[in-house]
Amino acid sequence: SPRGTGGGAHPQSVVGVDFDLTDPWNWNLTAPVEPEPEPEEPDVRFVVTLGLLGPLYKDPEDRPLTKGRWYMDIDGRRWAWSKPSTPLLHTKGGHTCEEGRAGIPVLDIPENATTVEIIINNLSPTAHNIHMHGMRFQVINVADFPWCNVNKTACFLMPEFLNPCPKEDRAYADTNHTGGLEALYWGCKYNADKDKRTQNLKNPLRKDSFQVWQRSWAAIRFKADRPGVWQFHCHMEQHIPLGMIMALNVRPSQQLPIPKDVPSEGPCKVWSSSSDENNTARMKAEVNGRTIIDEDSPDQSSRIAALENEILRLRTALAESHEKCGVI
């Protein structure tokens, strides 16, 4: 294995190209050892938008996590993520039961598509670290805005109506909320007529995470050859609970059966289980073998009460354990 640089106060000099992926032109300074050239055109192309849905919080009574929701979804829909009523893998991403994914930003990849291109437009004043589960992607193009990148923080406060972005490329994250602080949530979109010429199809960098700069865009390609429902999301902890997540539904016809001992929930049946198995899976969720939710309960209040009782039991057991061990 290669030797280290020694570290400490006086490390040895490193070998290789000095590059920084926060600078657009640095993306072409290095390349994968094993090239995977991309075709001139993908089998399918999608436009995904990152942004914030208004209105923002205003009153003390506003419930947490209900306003100022981030989204990551195909352009024109722009839904923020929420928990599916039935696990997406249990319905092949909603193919066997649409009700289980109602209102959830799922992107169905066509079964006959292998090379998928996603244009990502960031319509916000902050950068986002984007991560894909299950597959790696190649970054074939990134915006090169000298007036706005992670090293040009002044663009954070630039208004939509006064900035260097061509007017035809500007867009708000939420066209229904463009006043006050919400006016800061806009970006400079990808324009194929002008931007396609800078793409790198010969040997682009291969990643599973990368940063899309503020008010910016990037183009990625991946091979949709791993059946499953894969999360595609911003990896910033403050953005995940606020909804900046979507799911990629890849090759539903080839997705593996769900193990019979995996519990389920919600209105949909597990696609790979019989009726009896579905009833068993949906009837209960367990913690250490103790049933805490019974979906045959007559109403929601009894289910909540069961959860509260289980939490109280665990707290009591923990307190008794601490007392025995002398923990204060």
# chains A, B, ... in the order shown; residues from 1 in each chain; ligands from 1
$ select_by_dssp --residues "range 107-263 of chain A" --states "alpha helix (DSSP H)" --output "ChimeraX atom specification"
/A:192-195
$ write_last_selection --atoms "N, CA, C and O atoms" --output "PDB file, in the first residue's frame"
ATOM      1  N   ALA A 192     -30.075  24.000 -22.167  1.00  0.00           N
ATOM      2  CA  ALA A 192     -29.394  23.064 -23.057  1.00  0.00           C
ATOM      3  C   ALA A 192     -28.768  23.746 -24.257  1.00  0.00           C
ATOM      4  O   ALA A 192     -27.668  23.372 -24.696  1.00  0.00           O
ATOM      5  N   ASP A 193     -29.424  24.749 -24.810  1.00  0.00           N
ATOM      6  CA  ASP A 193     -28.892  25.419 -25.999  1.00  0.00           C
ATOM      7  C   ASP A 193     -27.541  26.065 -25.732  1.00  0.00           C
ATOM      8  O   ASP A 193     -26.680  26.112 -26.620  1.00  0.00           O
ATOM      9  N   LYS A 194     -27.337  26.535 -24.495  1.00  0.00           N
ATOM     10  CA  LYS A 194     -26.076  27.205 -24.163  1.00  0.00           C
ATOM     11  C   LYS A 194     -25.109  26.319 -23.376  1.00  0.00           C
ATOM     12  O   LYS A 194     -23.891  26.468 -23.498  1.00  0.00           O
ATOM     13  N   ASP A 195     -25.639  25.405 -22.593  1.00  0.00           N
ATOM     14  CA  ASP A 195     -24.808  24.699 -21.619  1.00  0.00           C
ATOM     15  C   ASP A 195     -24.366  23.304 -22.041  1.00  0.00           C
ATOM     16  O   ASP A 195     -23.384  22.770 -21.501  1.00  0.00           O
TER      17      ASP A 195
END
$ residues_around --residues "Thr30 in chain A" --least-positions-apart "2" --cutoff "12 Å" --atoms "only C-alpha atoms" --output "ChimeraX atom specification"
/A:16-21,25-28,32-35,203-206
$ residues_around --residues "Arg69 in chain A" --least-positions-apart "6" --cutoff "6 Å" --atoms "only C-alpha atoms" --output "PDB file with N, CA and C atoms, in the first residue's frame"
ATOM      1  N   LEU A  52     -37.435  25.658  -2.027  1.00  0.00           N
ATOM      2  CA  LEU A  52     -38.200  25.815  -0.792  1.00  0.00           C
ATOM      3  C   LEU A  52     -39.628  26.194  -1.131  1.00  0.00           C
ATOM      4  N   LEU A  53     -40.571  25.544  -0.449  1.00  0.00           N
ATOM      5  CA  LEU A  53     -41.986  25.861  -0.616  1.00  0.00           C
ATOM      6  C   LEU A  53     -42.433  26.815   0.484  1.00  0.00           C
ATOM      7  N   LEU A 242     -36.922  18.369   6.665  1.00  0.00           N
ATOM      8  CA  LEU A 242     -37.813  19.342   6.037  1.00  0.00           C
ATOM      9  C   LEU A 242     -38.206  18.950   4.621  1.00  0.00           C
TER      10      LEU A 242
END
$ residues_around --residues "Asp23 in chain A" --least-positions-apart "3" --cutoff "12 Å" --atoms "only C-alpha atoms" --output "list in words"
Asp18, Phe19, Asp20, Asn26, Trp27, Asn28, Leu29, Val142, Ala143, Asp144, Phe145, Pro146, Cys148, Asn149, Val150, Asn151, Lys152, Gln211, Val212 and Trp213 of chain A
$ residues_around --residues "Phe232 in chain A" --least-positions-apart "4" --cutoff "10 Å" --atoms "only C-alpha atoms" --output "list in words"
Met72, Asp73, Val106, Leu107, Ile130, His131, Met132, His133, Gly134, Met135, Asp208, Ser209, Met244, Ile245, Met246, Ala247 and Leu248 of chain A
$ residues_around --residues "Thr175 in chain A" --least-positions-apart "6" --cutoff "12 Å" --atoms "only C-alpha atoms" --output "ChimeraX atom specification"
/A:51-55,76,78,123,160,182-186
$ write_last_selection --atoms "N, CA, C and O atoms" --output "PDB file, in the first residue's frame"
ATOM      1  N   GLY A  51     -35.545  23.279  -4.048  1.00  0.00           N
ATOM      2  CA  GLY A  51     -36.034  24.594  -3.636  1.00  0.00           C
ATOM      3  C   GLY A  51     -36.821  24.540  -2.347  1.00  0.00           C
ATOM      4  O   GLY A  51     -36.886  23.506  -1.667  1.00  0.00           O
ATOM      5  N   LEU A  52     -37.435  25.658  -2.027  1.00  0.00           N
ATOM      6  CA  LEU A  52     -38.200  25.815  -0.792  1.00  0.00           C
ATOM      7  C   LEU A  52     -39.628  26.194  -1.131  1.00  0.00           C
ATOM      8  O   LEU A  52     -39.864  27.058  -1.963  1.00  0.00           O
ATOM      9  N   LEU A  53     -40.571  25.544  -0.449  1.00  0.00           N
ATOM     10  CA  LEU A  53     -41.986  25.861  -0.616  1.00  0.00           C
ATOM     11  C   LEU A  53     -42.433  26.815   0.484  1.00  0.00           C
ATOM     12  O   LEU A  53     -42.197  26.571   1.667  1.00  0.00           O
ATOM     13  N   GLY A  54     -43.067  27.918   0.078  1.00  0.00           N
ATOM     14  CA  GLY A  54     -43.621  28.844   1.060  1.00  0.00           C
ATOM     15  C   GLY A  54     -44.983  28.360   1.533  1.00  0.00           C
ATOM     16  O   GLY A  54     -45.513  27.368   1.023  1.00  0.00           O
ATOM     17  N   PRO A  55     -45.570  29.058   2.498  1.00  0.00           N
ATOM     18  CA  PRO A  55     -45.011  30.228   3.174  1.00  0.00           C
ATOM     19  C   PRO A  55     -44.021  29.846   4.258  1.00  0.00           C
ATOM     20  O   PRO A  55     -43.972  28.690   4.678  1.00  0.00           O
ATOM     21  N   GLY A  76     -42.132  20.868 -12.141  1.00  0.00           N
ATOM     22  CA  GLY A  76     -43.549  20.886 -12.458  1.00  0.00           C
ATOM     23  C   GLY A  76     -44.400  20.211 -11.401  1.00  0.00           C
ATOM     24  O   GLY A  76     -45.612  20.413 -11.354  1.00  0.00           O
ATOM     25  N   ARG A  78     -42.787  19.215  -7.809  1.00  0.00           N
ATOM     26  CA  ARG A  78     -42.176  19.879  -6.659  1.00  0.00           C
ATOM     27  C   ARG A  78     -42.855  19.548  -5.328  1.00  0.00           C
ATOM     28  O   ARG A  78     -43.307  20.428  -4.598  1.00  0.00           O
ATOM     29  N   LEU A 123     -32.698  26.034  -7.106  1.00  0.00           N
ATOM     30  CA  LEU A 123     -33.369  27.337  -7.052  1.00  0.00           C
ATOM     31  C   LEU A 123     -33.378  27.868  -5.623  1.00  0.00           C
ATOM     32  O   LEU A 123     -34.424  28.179  -5.059  1.00  0.00           O
ATOM     33  N   GLU A 160     -33.847  38.257  -7.364  1.00  0.00           N
ATOM     34  CA  GLU A 160     -34.127  37.605  -8.651  1.00  0.00           C
ATOM     35  C   GLU A 160     -34.155  38.595  -9.801  1.00  0.00           C
ATOM     36  O   GLU A 160     -33.794  38.267 -10.923  1.00  0.00           O
ATOM     37  N   GLU A 182     -38.817  35.043   0.980  1.00  0.00           N
ATOM     38  CA  GLU A 182     -39.026  34.030  -0.062  1.00  0.00           C
ATOM     39  C   GLU A 182     -38.499  34.485  -1.417  1.00  0.00           C
ATOM     40  O   GLU A 182     -38.255  33.669  -2.309  1.00  0.00           O
ATOM     41  N   ALA A 183     -38.292  35.803  -1.594  1.00  0.00           N
ATOM     42  CA  ALA A 183     -37.746  36.320  -2.851  1.00  0.00           C
ATOM     43  C   ALA A 183     -36.298  35.892  -3.061  1.00  0.00           C
ATOM     44  O   ALA A 183     -35.775  35.985  -4.178  1.00  0.00           O
ATOM     45  N   LEU A 184     -35.650  35.419  -1.997  1.00  0.00           N
ATOM     46  CA  LEU A 184     -34.258  34.967  -2.119  1.00  0.00           C
ATOM     47  C   LEU A 184     -34.153  33.573  -2.732  1.00  0.00           C
ATOM     48  O   LEU A 184     -33.068  33.145  -3.123  1.00  0.00           O
ATOM     49  N   TYR A 185     -35.289  32.861  -2.813  1.00  0.00           N
ATOM     50  CA  TYR A 185     -35.249  31.478  -3.283  1.00  0.00           C
ATOM     51  C   TYR A 185     -35.512  31.410  -4.791  1.00  0.00           C
ATOM     52  O   TYR A 185     -36.628  31.214  -5.247  1.00  0.00           O
ATOM     53  N   TRP A 186     -34.437  31.581  -5.532  1.00  0.00           N
ATOM     54  CA  TRP A 186     -34.479  31.516  -6.995  1.00  0.00           C
ATOM     55  C   TRP A 186     -33.144  30.954  -7.453  1.00  0.00           C
ATOM     56  O   TRP A 186     -32.197  30.802  -6.675  1.00  0.00           O
TER      57      TRP A 186
END
$ atom_distance --atom1 "CA of Ala173 in chain A" --atom2 "CA of Thr49 in chain A"
8.1 Å
$ select_by_dssp --residues "range 81-221 of chain A" --states "strand (DSSP E or B)" --output "short mmCIF file (atom, residue, chain, number, x, y, z; two decimals) with all heavy atoms, in the first residue's frame"
data_model
loop_
_atom_site.label_atom_id
_atom_site.label_comp_id
_atom_site.auth_asym_id
_atom_site.auth_seq_id
_atom_site.Cartn_x
_atom_site.Cartn_y
_atom_site.Cartn_z
N VAL A 106 -41.85 10.26 -5.92
CA VAL A 106 -41.20 9.07 -6.48
C VAL A 106 -41.01 9.29 -7.98
O VAL A 106 -41.95 9.69 -8.67
CB VAL A 106 -42.05 7.81 -6.23
CG1 VAL A 106 -41.39 6.59 -6.86
CG2 VAL A 106 -42.26 7.58 -4.74
N LEU A 107 -39.81 9.03 -8.46
CA LEU A 107 -39.52 9.15 -9.88
C LEU A 107 -39.43 7.75 -10.46
O LEU A 107 -38.52 6.98 -10.13
CB LEU A 107 -38.21 9.91 -10.09
CG LEU A 107 -37.72 10.06 -11.54
CD1 LEU A 107 -38.78 10.69 -12.43
CD2 LEU A 107 -36.43 10.87 -11.58
N ASP A 108 -40.37 7.38 -11.32
CA ASP A 108 -40.38 6.06 -11.95
C ASP A 108 -39.45 6.07 -13.16
O ASP A 108 -39.69 6.79 -14.14
CB ASP A 108 -41.80 5.69 -12.39
CG ASP A 108 -42.73 5.47 -11.21
OD1 ASP A 108 -42.33 4.76 -10.28
OD2 ASP A 108 -43.85 6.01 -11.23
N THR A 115 -29.41 4.12 -19.46
CA THR A 115 -28.68 5.36 -19.19
C THR A 115 -29.68 6.47 -18.88
O THR A 115 -30.49 6.83 -19.72
CB THR A 115 -27.81 5.76 -20.39
OG1 THR A 115 -26.87 4.71 -20.65
CG2 THR A 115 -27.05 7.05 -20.10
N VAL A 116 -29.62 6.99 -17.66
CA VAL A 116 -30.56 8.01 -17.21
C VAL A 116 -29.78 9.30 -16.95
O VAL A 116 -28.73 9.29 -16.31
CB VAL A 116 -31.27 7.57 -15.92
CG1 VAL A 116 -32.23 8.66 -15.43
CG2 VAL A 116 -32.01 6.26 -16.14
N GLU A 117 -30.29 10.41 -17.47
CA GLU A 117 -29.70 11.72 -17.20
C GLU A 117 -30.66 12.53 -16.33
O GLU A 117 -31.87 12.54 -16.56
CB GLU A 117 -29.42 12.47 -18.50
CG GLU A 117 -28.82 13.87 -18.28
CD GLU A 117 -28.38 14.53 -19.58
OE1 GLU A 117 -27.61 13.89 -20.33
OE2 GLU A 117 -28.83 15.66 -19.84
N ILE A 118 -30.11 13.19 -15.31
CA ILE A 118 -30.89 14.09 -14.47
C ILE A 118 -30.21 15.45 -14.46
O ILE A 118 -29.04 15.57 -14.11
CB ILE A 118 -31.03 13.56 -13.03
CG1 ILE A 118 -31.83 12.26 -13.01
CG2 ILE A 118 -31.70 14.60 -12.14
CD1 ILE A 118 -32.06 11.69 -11.62
N ILE A 119 -30.96 16.46 -14.89
CA ILE A 119 -30.53 17.84 -14.76
C ILE A 119 -31.04 18.35 -13.41
O ILE A 119 -32.23 18.26 -13.13
CB ILE A 119 -31.11 18.73 -15.89
CG1 ILE A 119 -30.75 18.16 -17.27
CG2 ILE A 119 -30.61 20.17 -15.74
CD1 ILE A 119 -29.28 18.14 -17.58
N ILE A 120 -30.14 18.84 -12.57
CA ILE A 120 -30.52 19.32 -11.25
C ILE A 120 -30.41 20.84 -11.22
O ILE A 120 -29.31 21.39 -11.40
CB ILE A 120 -29.61 18.72 -10.16
CG1 ILE A 120 -29.66 17.19 -10.21
CG2 ILE A 120 -30.04 19.21 -8.78
CD1 ILE A 120 -28.64 16.52 -9.30
N ASN A 121 -31.52 21.52 -11.03
CA ASN A 121 -31.54 22.98 -10.90
C ASN A 121 -31.74 23.35 -9.43
O ASN A 121 -32.74 22.96 -8.82
CB ASN A 121 -32.68 23.58 -11.73
CG ASN A 121 -32.40 23.50 -13.22
OD1 ASN A 121 -31.30 23.78 -13.67
ND2 ASN A 121 -33.42 23.13 -14.00
N ASN A 122 -30.78 24.08 -8.90
CA ASN A 122 -30.86 24.52 -7.50
C ASN A 122 -31.42 25.94 -7.45
O ASN A 122 -30.71 26.91 -7.71
CB ASN A 122 -29.47 24.47 -6.85
CG ASN A 122 -29.49 24.91 -5.40
OD1 ASN A 122 -30.55 25.16 -4.83
ND2 ASN A 122 -28.32 25.03 -4.80
N HIS A 128 -26.23 22.53 -1.86
CA HIS A 128 -26.78 21.29 -1.34
C HIS A 128 -25.88 20.12 -1.69
O HIS A 128 -25.44 19.99 -2.84
CB HIS A 128 -28.18 21.04 -1.89
CG HIS A 128 -29.17 22.10 -1.53
ND1 HIS A 128 -29.74 22.19 -0.28
CD2 HIS A 128 -29.67 23.14 -2.25
CE1 HIS A 128 -30.56 23.23 -0.24
NE2 HIS A 128 -30.53 23.82 -1.43
N ASN A 129 -25.60 19.28 -0.70
CA ASN A 129 -24.79 18.09 -0.90
C ASN A 129 -25.71 16.93 -1.27
O ASN A 129 -26.44 16.43 -0.42
CB ASN A 129 -23.98 17.77 0.36
CG ASN A 129 -23.02 16.63 0.14
OD1 ASN A 129 -22.48 16.48 -0.95
ND2 ASN A 129 -22.81 15.82 1.15
N ILE A 130 -25.68 16.52 -2.52
CA ILE A 130 -26.64 15.56 -3.05
C ILE A 130 -26.04 14.15 -3.02
O ILE A 130 -24.91 13.94 -3.47
CB ILE A 130 -27.05 15.93 -4.48
CG1 ILE A 130 -27.64 17.34 -4.50
CG2 ILE A 130 -28.05 14.92 -5.02
CD1 ILE A 130 -28.83 17.54 -3.59
N HIS A 131 -26.82 13.20 -2.52
CA HIS A 131 -26.36 11.81 -2.36
C HIS A 131 -27.37 10.85 -2.97
O HIS A 131 -28.58 11.01 -2.78
CB HIS A 131 -26.16 11.50 -0.88
CG HIS A 131 -25.81 10.06 -0.60
ND1 HIS A 131 -24.72 9.43 -1.15
CD2 HIS A 131 -26.43 9.13 0.18
CE1 HIS A 131 -24.67 8.18 -0.72
NE2 HIS A 131 -25.70 7.97 0.08
N MET A 132 -26.88 9.83 -3.68
CA MET A 132 -27.74 8.81 -4.28
C MET A 132 -27.45 7.45 -3.64
O MET A 132 -26.31 7.03 -3.56
CB MET A 132 -27.51 8.72 -5.80
CG MET A 132 -28.39 7.69 -6.50
SD MET A 132 -28.05 7.55 -8.29
CE MET A 132 -28.67 9.13 -8.88
N PHE A 137 -23.13 7.72 -9.84
CA PHE A 137 -23.45 8.51 -11.02
C PHE A 137 -22.20 9.22 -11.51
O PHE A 137 -21.20 9.32 -10.80
CB PHE A 137 -24.56 9.52 -10.71
CG PHE A 137 -24.29 10.39 -9.52
CD1 PHE A 137 -23.51 11.54 -9.61
CD2 PHE A 137 -24.83 10.08 -8.27
CE1 PHE A 137 -23.26 12.34 -8.51
CE2 PHE A 137 -24.59 10.88 -7.15
CZ PHE A 137 -23.80 12.00 -7.28
N GLN A 138 -22.26 9.69 -12.74
CA GLN A 138 -21.16 10.45 -13.31
C GLN A 138 -21.62 11.90 -13.53
O GLN A 138 -22.70 12.13 -14.06
CB GLN A 138 -20.68 9.83 -14.62
CG GLN A 138 -20.25 8.37 -14.46
CD GLN A 138 -19.29 7.91 -15.55
OE1 GLN A 138 -18.11 7.74 -15.31
NE2 GLN A 138 -19.80 7.69 -16.74
N VAL A 139 -20.80 12.83 -13.08
CA VAL A 139 -21.13 14.25 -13.21
C VAL A 139 -20.61 14.72 -14.56
O VAL A 139 -19.41 14.89 -14.75
CB VAL A 139 -20.52 15.07 -12.07
CG1 VAL A 139 -20.93 16.53 -12.19
CG2 VAL A 139 -20.93 14.51 -10.71
N ILE A 140 -21.50 14.91 -15.52
CA ILE A 140 -21.08 15.23 -16.88
C ILE A 140 -21.03 16.74 -17.15
O ILE A 140 -20.45 17.17 -18.15
CB ILE A 140 -21.99 14.57 -17.94
CG1 ILE A 140 -23.43 15.10 -17.84
CG2 ILE A 140 -21.97 13.05 -17.78
CD1 ILE A 140 -24.31 14.68 -19.01
N ASN A 141 -21.61 17.54 -16.24
CA ASN A 141 -21.60 18.98 -16.48
C ASN A 141 -21.95 19.72 -15.19
O ASN A 141 -22.77 19.24 -14.40
CB ASN A 141 -22.63 19.34 -17.57
CG ASN A 141 -22.24 20.58 -18.36
OD1 ASN A 141 -21.31 21.29 -17.99
ND2 ASN A 141 -22.96 20.85 -19.44
N VAL A 142 -21.31 20.86 -14.98
CA VAL A 142 -21.63 21.72 -13.84
C VAL A 142 -21.64 23.17 -14.31
O VAL A 142 -20.94 23.54 -15.26
CB VAL A 142 -20.62 21.57 -12.68
CG1 VAL A 142 -20.69 20.18 -12.08
CG2 VAL A 142 -19.20 21.87 -13.13
N ARG A 170 -33.76 32.48 -15.30
CA ARG A 170 -34.07 32.64 -13.88
C ARG A 170 -35.41 31.97 -13.56
O ARG A 170 -36.33 31.96 -14.37
CB ARG A 170 -34.16 34.11 -13.51
CG ARG A 170 -32.91 34.90 -13.79
CD ARG A 170 -33.13 36.38 -13.47
NE ARG A 170 -32.17 37.24 -14.16
CZ ARG A 170 -32.26 38.56 -14.22
NH1 ARG A 170 -33.28 39.17 -13.63
NH2 ARG A 170 -31.36 39.26 -14.86
N ALA A 171 -35.50 31.44 -12.34
CA ALA A 171 -36.76 30.83 -11.91
C ALA A 171 -36.85 30.84 -10.39
O ALA A 171 -35.84 30.67 -9.70
CB ALA A 171 -36.86 29.39 -12.43
N TYR A 172 -38.06 31.04 -9.88
CA TYR A 172 -38.31 31.00 -8.44
C TYR A 172 -38.55 29.55 -8.01
O TYR A 172 -39.08 28.73 -8.77
CB TYR A 172 -39.54 31.83 -8.08
CG TYR A 172 -39.28 33.31 -7.93
CD1 TYR A 172 -39.79 34.23 -8.83
CD2 TYR A 172 -38.53 33.77 -6.84
CE1 TYR A 172 -39.56 35.59 -8.67
CE2 TYR A 172 -38.29 35.14 -6.67
CZ TYR A 172 -38.81 36.03 -7.59
OH TYR A 172 -38.58 37.37 -7.43
N TRP A 186 -34.44 31.58 -5.53
CA TRP A 186 -34.48 31.52 -6.99
C TRP A 186 -33.14 30.95 -7.45
O TRP A 186 -32.20 30.80 -6.68
CB TRP A 186 -34.72 32.90 -7.61
CG TRP A 186 -33.61 33.88 -7.33
CD1 TRP A 186 -33.49 34.71 -6.24
CD2 TRP A 186 -32.44 34.11 -8.13
NE1 TRP A 186 -32.34 35.44 -6.31
CE2 TRP A 186 -31.67 35.10 -7.46
CE3 TRP A 186 -31.99 33.59 -9.33
CZ2 TRP A 186 -30.46 35.55 -7.97
CZ3 TRP A 186 -30.78 34.05 -9.84
CH2 TRP A 186 -30.03 35.02 -9.16
N GLY A 187 -33.06 30.62 -8.73
CA GLY A 187 -31.82 30.10 -9.26
C GLY A 187 -31.68 30.35 -10.74
O GLY A 187 -32.61 30.84 -11.40
N CYS A 188 -30.50 30.03 -11.26
CA CYS A 188 -30.18 30.21 -12.69
C CYS A 188 -30.16 28.82 -13.32
O CYS A 188 -29.22 28.05 -13.13
CB CYS A 188 -28.83 30.91 -12.82
SG CYS A 188 -28.52 31.63 -14.44
N LEU A 205 -16.11 12.44 -13.84
CA LEU A 205 -15.89 11.94 -12.48
C LEU A 205 -17.10 11.14 -12.01
O LEU A 205 -18.25 11.49 -12.27
CB LEU A 205 -15.65 13.10 -11.52
CG LEU A 205 -14.27 13.77 -11.61
CD1 LEU A 205 -14.15 14.85 -10.54
CD2 LEU A 205 -13.15 12.76 -11.45
N ARG A 206 -16.83 10.05 -11.30
CA ARG A 206 -17.85 9.15 -10.80
C ARG A 206 -18.02 9.38 -9.30
O ARG A 206 -17.05 9.36 -8.55
CB ARG A 206 -17.44 7.71 -11.11
CG ARG A 206 -18.56 6.75 -11.22
CD ARG A 206 -18.27 5.58 -12.19
NE ARG A 206 -16.96 4.98 -12.07
CZ ARG A 206 -16.03 5.03 -13.04
NH1 ARG A 206 -16.27 5.68 -14.18
NH2 ARG A 206 -14.87 4.44 -12.88
N LYS A 207 -19.27 9.58 -8.86
CA LYS A 207 -19.52 9.96 -7.48
C LYS A 207 -20.76 9.23 -6.94
O LYS A 207 -21.54 8.66 -7.70
CB LYS A 207 -19.77 11.47 -7.39
CG LYS A 207 -18.74 12.35 -8.09
CD LYS A 207 -17.47 12.49 -7.29
CE LYS A 207 -17.66 13.45 -6.16
NZ LYS A 207 -16.44 13.63 -5.34
N SER A 209 -21.92 11.17 -4.07
CA SER A 209 -22.31 12.43 -3.43
C SER A 209 -21.53 13.56 -4.08
O SER A 209 -20.37 13.38 -4.45
CB SER A 209 -22.00 12.42 -1.92
OG SER A 209 -22.67 11.38 -1.25
N PHE A 210 -22.16 14.71 -4.20
CA PHE A 210 -21.46 15.89 -4.68
C PHE A 210 -22.27 17.12 -4.32
O PHE A 210 -23.42 17.01 -3.90
CB PHE A 210 -21.18 15.82 -6.18
CG PHE A 210 -22.35 16.20 -7.06
CD1 PHE A 210 -22.24 17.27 -7.95
CD2 PHE A 210 -23.55 15.50 -7.02
CE1 PHE A 210 -23.30 17.64 -8.75
CE2 PHE A 210 -24.61 15.85 -7.83
CZ PHE A 210 -24.49 16.93 -8.70
N GLN A 211 -21.69 18.27 -4.50
CA GLN A 211 -22.35 19.51 -4.10
C GLN A 211 -22.87 20.28 -5.32
O GLN A 211 -22.12 20.52 -6.28
CB GLN A 211 -21.38 20.39 -3.32
CG GLN A 211 -22.05 21.56 -2.61
CD GLN A 211 -21.08 22.31 -1.72
OE1 GLN A 211 -20.17 22.97 -2.19
NE2 GLN A 211 -21.27 22.20 -0.41
N VAL A 212 -24.14 20.63 -5.26
CA VAL A 212 -24.72 21.52 -6.27
C VAL A 212 -24.73 22.92 -5.66
O VAL A 212 -25.37 23.15 -4.63
CB VAL A 212 -26.16 21.10 -6.64
CG1 VAL A 212 -26.72 22.04 -7.70
CG2 VAL A 212 -26.18 19.67 -7.15
N TRP A 217 -26.67 24.76 -11.25
CA TRP A 217 -27.19 23.52 -11.82
C TRP A 217 -26.04 22.53 -12.05
O TRP A 217 -24.87 22.89 -12.03
CB TRP A 217 -27.92 23.78 -13.15
CG TRP A 217 -27.10 24.48 -14.21
CD1 TRP A 217 -27.10 25.81 -14.50
CD2 TRP A 217 -26.12 23.89 -15.07
NE1 TRP A 217 -26.19 26.09 -15.49
CE2 TRP A 217 -25.58 24.93 -15.87
CE3 TRP A 217 -25.65 22.60 -15.26
CZ2 TRP A 217 -24.59 24.70 -16.83
CZ3 TRP A 217 -24.66 22.36 -16.22
CH2 TRP A 217 -24.15 23.40 -17.00
N ALA A 218 -26.41 21.28 -12.25
CA ALA A 218 -25.46 20.23 -12.60
C ALA A 218 -26.20 19.17 -13.39
O ALA A 218 -27.43 19.05 -13.30
CB ALA A 218 -24.82 19.62 -11.35
N ALA A 219 -25.46 18.39 -14.18
CA ALA A 219 -26.05 17.30 -14.97
C ALA A 219 -25.31 16.01 -14.62
O ALA A 219 -24.08 15.97 -14.61
CB ALA A 219 -25.94 17.58 -16.46
N ILE A 220 -26.09 14.97 -14.30
CA ILE A 220 -25.48 13.68 -13.95
C ILE A 220 -26.07 12.57 -14.82
O ILE A 220 -27.16 12.71 -15.37
CB ILE A 220 -25.69 13.35 -12.46
CG1 ILE A 220 -27.17 13.11 -12.15
CG2 ILE A 220 -25.13 14.46 -11.57
CD1 ILE A 220 -27.43 12.59 -10.74
N ARG A 221 -25.33 11.50 -14.94
CA ARG A 221 -25.80 10.29 -15.63
C ARG A 221 -25.57 9.08 -14.71
O ARG A 221 -24.57 9.02 -13.99
CB ARG A 221 -25.02 10.06 -16.92
CG ARG A 221 -25.19 11.13 -18.01
CD ARG A 221 -26.25 10.77 -19.01
NE ARG A 221 -26.32 11.72 -20.11
CZ ARG A 221 -25.75 11.55 -21.30
NH1 ARG A 221 -25.03 10.46 -21.53
NH2 ARG A 221 -25.89 12.45 -22.25
#
$ atom_distance --atom1 "CA of Gln199 in chain A" --atom2 "CA of Glu40 in chain A"
10.1 Å
$ atom_distance --atom1 "CA of Gln231 in chain A" --atom2 "CA of Asn249 in chain A"
8.9 Å
